[in-house]
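Undergrad: You'll find protein39.txt just under this line, and it carries compact mmCIF, N, CA and C atoms.
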# COMPACT_ATOMS: atom_id res chain seq x y z
N MET A 1 15.13 8.82 -2.64
CA MET A 1 14.10 9.02 -1.63
C MET A 1 12.77 9.40 -2.27
N ASP A 2 12.84 10.23 -3.33
CA ASP A 2 11.62 10.66 -4.01
C ASP A 2 10.86 9.48 -4.60
N ILE A 3 11.60 8.58 -5.24
CA ILE A 3 10.97 7.42 -5.87
C ILE A 3 10.45 6.46 -4.80
N ALA A 4 11.18 6.31 -3.71
CA ALA A 4 10.71 5.46 -2.61
C ALA A 4 9.40 5.99 -2.05
N ALA A 5 9.30 7.31 -1.90
CA ALA A 5 8.05 7.92 -1.43
C ALA A 5 6.93 7.68 -2.43
N LEU A 6 7.25 7.79 -3.71
CA LEU A 6 6.24 7.55 -4.75
C LEU A 6 5.74 6.11 -4.69
N ILE A 7 6.65 5.18 -4.51
CA ILE A 7 6.27 3.76 -4.44
C ILE A 7 5.39 3.49 -3.22
N THR A 8 5.79 4.02 -2.07
CA THR A 8 4.97 3.78 -0.87
C THR A 8 3.61 4.47 -1.00
N TRP A 9 3.59 5.64 -1.66
CA TRP A 9 2.33 6.35 -1.83
C TRP A 9 1.39 5.55 -2.73
N VAL A 10 1.92 4.99 -3.80
CA VAL A 10 1.10 4.20 -4.72
C VAL A 10 0.58 2.94 -4.02
N ILE A 11 1.42 2.28 -3.24
CA ILE A 11 0.98 1.09 -2.50
C ILE A 11 -0.11 1.47 -1.50
N THR A 12 0.08 2.60 -0.82
CA THR A 12 -0.94 3.09 0.11
C THR A 12 -2.25 3.35 -0.62
N ALA A 13 -2.15 3.98 -1.79
CA ALA A 13 -3.35 4.29 -2.58
C ALA A 13 -4.07 3.02 -3.02
N LEU A 14 -3.32 2.01 -3.40
CA LEU A 14 -3.94 0.74 -3.81
C LEU A 14 -4.73 0.12 -2.65
N GLY A 15 -4.14 0.14 -1.47
CA GLY A 15 -4.87 -0.35 -0.30
C GLY A 15 -6.09 0.49 0.00
N GLY A 16 -5.94 1.80 -0.14
CA GLY A 16 -7.07 2.70 0.07
C GLY A 16 -8.19 2.48 -0.93
N PHE A 17 -7.82 2.24 -2.19
CA PHE A 17 -8.83 1.94 -3.21
C PHE A 17 -9.59 0.67 -2.85
N TYR A 18 -8.87 -0.33 -2.37
CA TYR A 18 -9.51 -1.58 -1.99
C TYR A 18 -10.50 -1.34 -0.84
N LEU A 19 -10.06 -0.58 0.17
CA LEU A 19 -10.93 -0.30 1.31
C LEU A 19 -12.14 0.52 0.87
N LEU A 20 -11.92 1.54 0.04
CA LEU A 20 -13.02 2.36 -0.46
C LEU A 20 -14.00 1.52 -1.27
N GLY A 21 -13.47 0.67 -2.14
CA GLY A 21 -14.32 -0.20 -2.94
C GLY A 21 -15.15 -1.14 -2.08
N THR A 22 -14.53 -1.69 -1.06
CA THR A 22 -15.25 -2.57 -0.14
C THR A 22 -16.36 -1.81 0.57
N TRP A 23 -16.03 -0.63 1.05
CA TRP A 23 -16.99 0.20 1.78
C TRP A 23 -18.17 0.58 0.88
N LEU A 24 -17.86 1.00 -0.35
CA LEU A 24 -18.92 1.39 -1.29
C LEU A 24 -19.79 0.19 -1.68
N SER A 25 -19.15 -0.95 -1.96
CA SER A 25 -19.91 -2.12 -2.39
C SER A 25 -20.80 -2.68 -1.28
N ARG A 26 -20.48 -2.40 -0.04
CA ARG A 26 -21.28 -2.86 1.10
C ARG A 26 -22.28 -1.81 1.57
N GLY A 27 -22.42 -0.73 0.78
CA GLY A 27 -23.44 0.27 1.09
C GLY A 27 -23.01 1.39 2.01
N GLY A 28 -21.73 1.59 2.19
CA GLY A 28 -21.25 2.61 3.11
C GLY A 28 -21.69 4.02 2.75
N ALA A 29 -21.69 4.36 1.47
CA ALA A 29 -22.05 5.72 1.05
C ALA A 29 -23.54 5.98 1.16
N ARG A 30 -24.32 4.93 1.26
CA ARG A 30 -25.77 5.10 1.39
C ARG A 30 -26.20 5.33 2.84
N GLY A 31 -25.24 5.52 3.72
CA GLY A 31 -25.57 5.75 5.12
C GLY A 31 -25.69 4.44 5.85
N GLY A 32 -26.91 4.05 6.13
CA GLY A 32 -27.14 2.78 6.83
C GLY A 32 -26.50 2.79 8.20
N THR A 33 -25.76 1.74 8.49
CA THR A 33 -25.17 1.60 9.81
C THR A 33 -23.68 1.96 9.84
N SER A 34 -23.15 2.50 8.74
CA SER A 34 -21.73 2.83 8.71
C SER A 34 -21.39 3.89 9.75
N HIS A 35 -20.28 3.70 10.43
CA HIS A 35 -19.80 4.67 11.41
C HIS A 35 -18.80 5.65 10.79
N LEU A 36 -18.52 5.47 9.51
CA LEU A 36 -17.56 6.33 8.83
C LEU A 36 -18.32 7.39 8.04
N PRO A 37 -18.14 8.68 8.40
CA PRO A 37 -18.87 9.75 7.71
C PRO A 37 -18.44 9.87 6.25
N VAL A 38 -19.41 9.98 5.37
CA VAL A 38 -19.14 10.07 3.93
C VAL A 38 -18.19 11.24 3.61
N PRO A 39 -18.40 12.45 4.16
CA PRO A 39 -17.47 13.55 3.83
C PRO A 39 -16.03 13.28 4.28
N VAL A 40 -15.87 12.58 5.38
CA VAL A 40 -14.52 12.28 5.87
C VAL A 40 -13.85 11.27 4.93
N ILE A 41 -14.60 10.24 4.54
CA ILE A 41 -14.05 9.23 3.61
C ILE A 41 -13.61 9.90 2.31
N PHE A 42 -14.52 10.67 1.70
CA PHE A 42 -14.21 11.25 0.40
C PHE A 42 -13.21 12.40 0.51
N GLY A 43 -13.18 13.10 1.64
CA GLY A 43 -12.15 14.13 1.86
C GLY A 43 -10.77 13.50 1.96
N HIS A 44 -10.69 12.40 2.69
CA HIS A 44 -9.44 11.66 2.83
C HIS A 44 -8.95 11.19 1.46
N PHE A 45 -9.88 10.62 0.69
CA PHE A 45 -9.55 10.13 -0.65
C PHE A 45 -9.12 11.26 -1.58
N ALA A 46 -9.89 12.34 -1.62
CA ALA A 46 -9.62 13.44 -2.56
C ALA A 46 -8.29 14.12 -2.26
N LEU A 47 -8.03 14.41 -1.00
CA LEU A 47 -6.77 15.06 -0.64
C LEU A 47 -5.57 14.15 -0.90
N ALA A 48 -5.73 12.85 -0.62
CA ALA A 48 -4.63 11.91 -0.87
C ALA A 48 -4.35 11.80 -2.37
N ALA A 49 -5.41 11.75 -3.17
CA ALA A 49 -5.23 11.66 -4.63
C ALA A 49 -4.59 12.94 -5.17
N LEU A 50 -5.04 14.09 -4.70
CA LEU A 50 -4.46 15.36 -5.13
C LEU A 50 -2.98 15.41 -4.73
N GLY A 51 -2.68 15.00 -3.51
CA GLY A 51 -1.29 14.99 -3.06
C GLY A 51 -0.42 14.07 -3.90
N LEU A 52 -0.95 12.91 -4.28
CA LEU A 52 -0.20 11.99 -5.12
C LEU A 52 0.09 12.60 -6.48
N VAL A 53 -0.88 13.29 -7.05
CA VAL A 53 -0.66 13.96 -8.34
C VAL A 53 0.42 15.03 -8.19
N VAL A 54 0.35 15.81 -7.13
CA VAL A 54 1.39 16.84 -6.87
C VAL A 54 2.75 16.18 -6.72
N TRP A 55 2.79 15.04 -6.02
CA TRP A 55 4.07 14.34 -5.82
C TRP A 55 4.64 13.83 -7.14
N ILE A 56 3.79 13.30 -8.00
CA ILE A 56 4.25 12.84 -9.31
C ILE A 56 4.83 14.01 -10.10
N VAL A 57 4.16 15.15 -10.07
CA VAL A 57 4.67 16.34 -10.77
C VAL A 57 6.00 16.76 -10.15
N TYR A 58 6.10 16.68 -8.82
CA TYR A 58 7.36 17.02 -8.15
C TYR A 58 8.49 16.09 -8.62
N VAL A 59 8.22 14.80 -8.68
CA VAL A 59 9.25 13.84 -9.09
C VAL A 59 9.74 14.17 -10.50
N VAL A 60 8.84 14.60 -11.37
CA VAL A 60 9.21 14.94 -12.75
C VAL A 60 9.92 16.29 -12.81
N ALA A 61 9.37 17.30 -12.11
CA ALA A 61 9.86 18.68 -12.23
C ALA A 61 10.96 19.03 -11.23
N ASP A 62 11.03 18.31 -10.10
CA ASP A 62 12.03 18.55 -9.06
C ASP A 62 12.01 19.99 -8.54
N LYS A 63 10.81 20.48 -8.26
CA LYS A 63 10.64 21.81 -7.67
C LYS A 63 10.31 21.65 -6.19
N GLU A 64 11.14 22.25 -5.35
CA GLU A 64 11.00 22.08 -3.91
C GLU A 64 9.62 22.47 -3.40
N ALA A 65 9.03 23.52 -3.98
CA ALA A 65 7.71 23.97 -3.53
C ALA A 65 6.66 22.87 -3.70
N LEU A 66 6.79 22.06 -4.72
CA LEU A 66 5.84 20.97 -4.94
C LEU A 66 5.98 19.89 -3.86
N ALA A 67 7.20 19.63 -3.44
CA ALA A 67 7.42 18.64 -2.37
C ALA A 67 6.73 19.10 -1.08
N TRP A 68 6.89 20.39 -0.76
CA TRP A 68 6.26 20.92 0.44
C TRP A 68 4.74 20.97 0.31
N THR A 69 4.26 21.26 -0.89
CA THR A 69 2.81 21.25 -1.12
C THR A 69 2.24 19.85 -0.89
N ALA A 70 2.92 18.85 -1.42
CA ALA A 70 2.48 17.47 -1.23
C ALA A 70 2.50 17.11 0.26
N PHE A 71 3.53 17.53 0.96
CA PHE A 71 3.60 17.23 2.40
C PHE A 71 2.46 17.92 3.15
N ILE A 72 2.21 19.19 2.83
CA ILE A 72 1.14 19.93 3.49
C ILE A 72 -0.21 19.26 3.23
N LEU A 73 -0.41 18.74 2.02
CA LEU A 73 -1.64 18.00 1.72
C LEU A 73 -1.74 16.71 2.53
N LEU A 74 -0.60 16.12 2.84
CA LEU A 74 -0.60 14.87 3.61
C LEU A 74 -1.02 15.06 5.06
N VAL A 75 -0.84 16.26 5.59
CA VAL A 75 -1.19 16.49 7.00
C VAL A 75 -2.68 16.25 7.25
N PRO A 76 -3.59 16.93 6.51
CA PRO A 76 -5.00 16.62 6.74
C PRO A 76 -5.38 15.20 6.31
N VAL A 77 -4.70 14.65 5.32
CA VAL A 77 -4.96 13.26 4.92
C VAL A 77 -4.69 12.34 6.11
N ALA A 78 -3.56 12.55 6.77
CA ALA A 78 -3.22 11.72 7.93
C ALA A 78 -4.20 11.93 9.08
N LEU A 79 -4.59 13.17 9.34
CA LEU A 79 -5.54 13.44 10.42
C LEU A 79 -6.90 12.79 10.14
N LEU A 80 -7.37 12.90 8.90
CA LEU A 80 -8.62 12.25 8.53
C LEU A 80 -8.48 10.72 8.62
N GLY A 81 -7.32 10.21 8.23
CA GLY A 81 -7.08 8.78 8.33
C GLY A 81 -7.12 8.29 9.77
N PHE A 82 -6.53 9.06 10.68
CA PHE A 82 -6.57 8.68 12.09
C PHE A 82 -8.01 8.75 12.63
N ALA A 83 -8.78 9.73 12.17
CA ALA A 83 -10.18 9.83 12.59
C ALA A 83 -10.97 8.61 12.10
N LEU A 84 -10.72 8.22 10.86
CA LEU A 84 -11.39 7.03 10.33
C LEU A 84 -10.98 5.77 11.09
N LEU A 85 -9.70 5.65 11.39
CA LEU A 85 -9.21 4.50 12.16
C LEU A 85 -9.87 4.45 13.53
N ALA A 86 -9.96 5.61 14.19
CA ALA A 86 -10.57 5.66 15.52
C ALA A 86 -12.03 5.22 15.48
N ARG A 87 -12.73 5.52 14.40
CA ARG A 87 -14.13 5.12 14.28
C ARG A 87 -14.27 3.67 13.83
N TRP A 88 -13.23 3.15 13.14
CA TRP A 88 -13.28 1.77 12.66
C TRP A 88 -12.95 0.75 13.76
N ILE A 89 -12.05 1.09 14.66
CA ILE A 89 -11.59 0.15 15.69
C ILE A 89 -12.75 -0.45 16.50
N PRO A 90 -13.69 0.34 17.01
CA PRO A 90 -14.81 -0.29 17.75
C PRO A 90 -15.65 -1.24 16.88
N VAL A 91 -15.79 -0.92 15.59
CA VAL A 91 -16.54 -1.80 14.69
C VAL A 91 -15.80 -3.12 14.52
N HIS A 92 -14.49 -3.03 14.38
CA HIS A 92 -13.67 -4.25 14.24
C HIS A 92 -13.72 -5.08 15.52
N ARG A 93 -13.62 -4.42 16.67
CA ARG A 93 -13.68 -5.14 17.94
C ARG A 93 -15.04 -5.80 18.15
N ALA A 94 -16.10 -5.12 17.73
CA ALA A 94 -17.45 -5.68 17.87
C ALA A 94 -17.59 -6.93 17.02
N GLN A 95 -16.91 -6.96 15.89
CA GLN A 95 -16.94 -8.13 15.01
C GLN A 95 -16.32 -9.33 15.72
N ASP A 96 -15.24 -9.07 16.46
CA ASP A 96 -14.55 -10.16 17.16
C ASP A 96 -15.38 -10.74 18.30
N THR A 97 -16.28 -9.92 18.89
CA THR A 97 -17.05 -10.38 20.04
C THR A 97 -18.46 -10.81 19.68
N ALA A 98 -18.91 -10.50 18.44
CA ALA A 98 -20.28 -10.85 18.04
C ALA A 98 -20.38 -12.34 17.76
N PRO A 99 -21.49 -12.94 18.16
CA PRO A 99 -21.69 -14.35 17.84
C PRO A 99 -21.85 -14.55 16.34
N ALA A 100 -21.47 -15.72 15.86
CA ALA A 100 -21.53 -16.02 14.43
C ALA A 100 -22.96 -15.90 13.93
N GLY A 101 -23.13 -15.19 12.80
CA GLY A 101 -24.42 -15.05 12.17
C GLY A 101 -25.34 -14.06 12.85
N ALA A 102 -24.83 -13.32 13.83
CA ALA A 102 -25.67 -12.36 14.56
C ALA A 102 -25.84 -11.09 13.75
N GLY A 103 -27.07 -10.76 13.44
CA GLY A 103 -27.38 -9.48 12.79
C GLY A 103 -26.89 -9.37 11.37
N GLN A 104 -27.80 -9.12 10.47
CA GLN A 104 -27.42 -8.95 9.06
C GLN A 104 -27.10 -7.49 8.76
N ASP A 105 -27.56 -6.55 9.59
CA ASP A 105 -27.38 -5.13 9.34
C ASP A 105 -26.09 -4.65 9.99
N VAL A 106 -24.96 -4.99 9.39
CA VAL A 106 -23.66 -4.63 9.95
C VAL A 106 -23.08 -3.45 9.17
N PRO A 107 -22.25 -2.66 9.82
CA PRO A 107 -21.61 -1.55 9.12
C PRO A 107 -20.76 -2.04 7.95
N ALA A 108 -20.72 -1.25 6.89
CA ALA A 108 -19.95 -1.62 5.69
C ALA A 108 -18.48 -1.84 6.03
N GLU A 109 -17.95 -1.04 6.95
CA GLU A 109 -16.52 -1.13 7.28
C GLU A 109 -16.18 -2.38 8.07
N ARG A 110 -17.18 -3.12 8.52
CA ARG A 110 -16.90 -4.39 9.21
C ARG A 110 -16.27 -5.39 8.24
N HIS A 111 -16.42 -5.18 6.97
CA HIS A 111 -15.88 -6.10 5.96
C HIS A 111 -14.44 -5.77 5.56
N PHE A 112 -13.83 -4.77 6.19
CA PHE A 112 -12.43 -4.44 5.90
C PHE A 112 -11.53 -5.54 6.47
N PRO A 113 -10.66 -6.10 5.64
CA PRO A 113 -9.69 -7.07 6.17
C PRO A 113 -8.66 -6.36 7.06
N LEU A 114 -8.42 -6.90 8.21
CA LEU A 114 -7.46 -6.30 9.14
C LEU A 114 -6.10 -6.10 8.48
N ALA A 115 -5.63 -7.07 7.71
CA ALA A 115 -4.32 -6.97 7.07
C ALA A 115 -4.24 -5.77 6.13
N VAL A 116 -5.32 -5.50 5.41
CA VAL A 116 -5.33 -4.37 4.47
C VAL A 116 -5.32 -3.05 5.24
N VAL A 117 -6.10 -2.98 6.32
CA VAL A 117 -6.13 -1.76 7.14
C VAL A 117 -4.74 -1.50 7.72
N LEU A 118 -4.11 -2.53 8.27
CA LEU A 118 -2.78 -2.37 8.86
C LEU A 118 -1.74 -1.98 7.81
N ALA A 119 -1.77 -2.64 6.65
CA ALA A 119 -0.81 -2.32 5.59
C ALA A 119 -1.03 -0.90 5.08
N HIS A 120 -2.28 -0.49 4.91
CA HIS A 120 -2.59 0.86 4.45
C HIS A 120 -2.02 1.89 5.43
N GLY A 121 -2.22 1.65 6.71
CA GLY A 121 -1.71 2.57 7.73
C GLY A 121 -0.19 2.59 7.79
N LEU A 122 0.43 1.42 7.70
CA LEU A 122 1.89 1.33 7.75
C LEU A 122 2.52 2.05 6.56
N PHE A 123 2.00 1.78 5.37
CA PHE A 123 2.55 2.43 4.18
C PHE A 123 2.24 3.93 4.18
N ALA A 124 1.13 4.33 4.78
CA ALA A 124 0.82 5.75 4.88
C ALA A 124 1.83 6.47 5.76
N VAL A 125 2.16 5.87 6.90
CA VAL A 125 3.16 6.47 7.78
C VAL A 125 4.51 6.55 7.08
N MET A 126 4.90 5.48 6.39
CA MET A 126 6.17 5.50 5.65
C MET A 126 6.15 6.59 4.59
N THR A 127 5.02 6.77 3.93
CA THR A 127 4.91 7.80 2.90
C THR A 127 5.11 9.18 3.49
N VAL A 128 4.44 9.47 4.59
CA VAL A 128 4.57 10.78 5.23
C VAL A 128 6.03 11.04 5.60
N VAL A 129 6.68 10.07 6.19
CA VAL A 129 8.08 10.22 6.60
C VAL A 129 8.98 10.44 5.38
N LEU A 130 8.80 9.64 4.35
CA LEU A 130 9.65 9.77 3.14
C LEU A 130 9.41 11.09 2.42
N VAL A 131 8.18 11.53 2.36
CA VAL A 131 7.87 12.82 1.72
C VAL A 131 8.51 13.96 2.53
N LEU A 132 8.40 13.90 3.84
CA LEU A 132 9.03 14.93 4.67
C LEU A 132 10.55 14.93 4.49
N LEU A 133 11.16 13.77 4.51
CA LEU A 133 12.61 13.70 4.33
C LEU A 133 13.02 14.23 2.95
N SER A 134 12.23 13.92 1.94
CA SER A 134 12.53 14.43 0.59
C SER A 134 12.38 15.94 0.54
N ALA A 135 11.33 16.45 1.15
CA ALA A 135 11.10 17.90 1.16
C ALA A 135 12.23 18.62 1.89
N LEU A 136 12.76 17.98 2.92
CA LEU A 136 13.89 18.56 3.67
C LEU A 136 15.22 18.40 2.94
N GLY A 137 15.21 17.65 1.87
CA GLY A 137 16.44 17.44 1.10
C GLY A 137 17.34 16.36 1.66
N ILE A 138 16.79 15.52 2.54
CA ILE A 138 17.57 14.44 3.16
C ILE A 138 17.44 13.21 2.28
N GLY A 139 18.57 12.61 1.94
CA GLY A 139 18.55 11.39 1.15
C GLY A 139 18.71 11.61 -0.34
N GLY A 140 18.96 12.81 -0.76
CA GLY A 140 19.17 13.08 -2.18
C GLY A 140 17.88 13.25 -2.94
N SER A 141 18.02 13.75 -4.16
CA SER A 141 16.84 14.04 -4.96
C SER A 141 16.82 13.19 -6.21
Would you mind writing the structure in this file as structure tokens?

TA:
Amino acid sequence: MDIAALITWVITALGGFYLLGTWLSRGGARGGTSHLPVPVIFGHFALAALGLVVWIVYVVADKEALAWTAFILLVPVALLGFALLARWIPVHRAQDTAPAGAGQDVPAERHFPLAVVLAHGLFAVMTVVLVLLSALGIGGS
């Protein structure tokens, strides 16, 4: 279970890196028309990265306190992720209804591929569940 959580966490992180890179390359951190607040984006990233490091140490050291620490770090990561998703959905919907070529000043997050957003969210949920199950000692260590 621990290794499965590690794998899902790494896959989630890869998707997150792609989304962050897309957002940064399209000017998201410079403000502009982005609907995603810079502190929320970087808070989500920093806490997720810290949690992943704690999880890797847990997998190596097998100390129960580290598993719970990683899970506790995932709670605000998930809440920030849901906040980002809630702010991204209207941008994505506006993209579907906008006429082709309308407006060059679009939010950076409009360039997020739907498949990557969905995969990132799905693997994030799986990660939270697997980390919780591991912390509870369900599924072996």

Undergrad: Which residue, A:Gly15, A:Pro39, A:Pro107, A:Gly51, has the smallest gap to Leu80 in chain A when you use only C-alpha atoms?

TA: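 That would be A:Pro39, the residue with the smallest distance to Leu80 in chain A.
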
Undergrad: Using only C-alpha atoms, can you tell me which of A:Val75, A:Ala86, A:Leu66, A:Leu52 comes closest to Ile11 in chain A?

TA: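 For Ile11 in chain A, the nearest of the given residues is A:Leu52.
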
Undergrad: From a backbone DSSP assignment, name each residue in range 20-132 of chain A labelled alpha helix (DSSP H), as number ranges by chain.

TA: A: 20-25, 38-61, 64-97, 114-132

Undergrad: Under the rule that only C-alpha atoms are counted, which of A:Ile138, A:Ile41, A:Leu132, A:Ile3 is the nearest residue to Trp88 in chain A?

TA: A:Ile41

Undergrad: Could you please determine the separation between atom C of Phe71 in chain A and atom N of Val54 in chain A in Å, to one decimal place?

TA: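 Going from atom C of Phe71 in chain A over to atom N of Val54 in chain A, I get 10.7 Å.
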
Undergrad: In Å, rounded to a single decimal, give me how far atom N of Gly21 in chain A is from atom C of Arg110 in chain A.

TA: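 Separation between atom C of Arg110 in chain A and atom N of Gly21 in chain A: 12.3 Å.
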
Undergrad: In Å, with one decimal, what is the gap from CA of Ala5 in chain A to CA of His120 in chain A?

TA: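 Straight-line distance from CA of Ala5 in chain A to CA of His120 in chain A works out to 14.1 Å.
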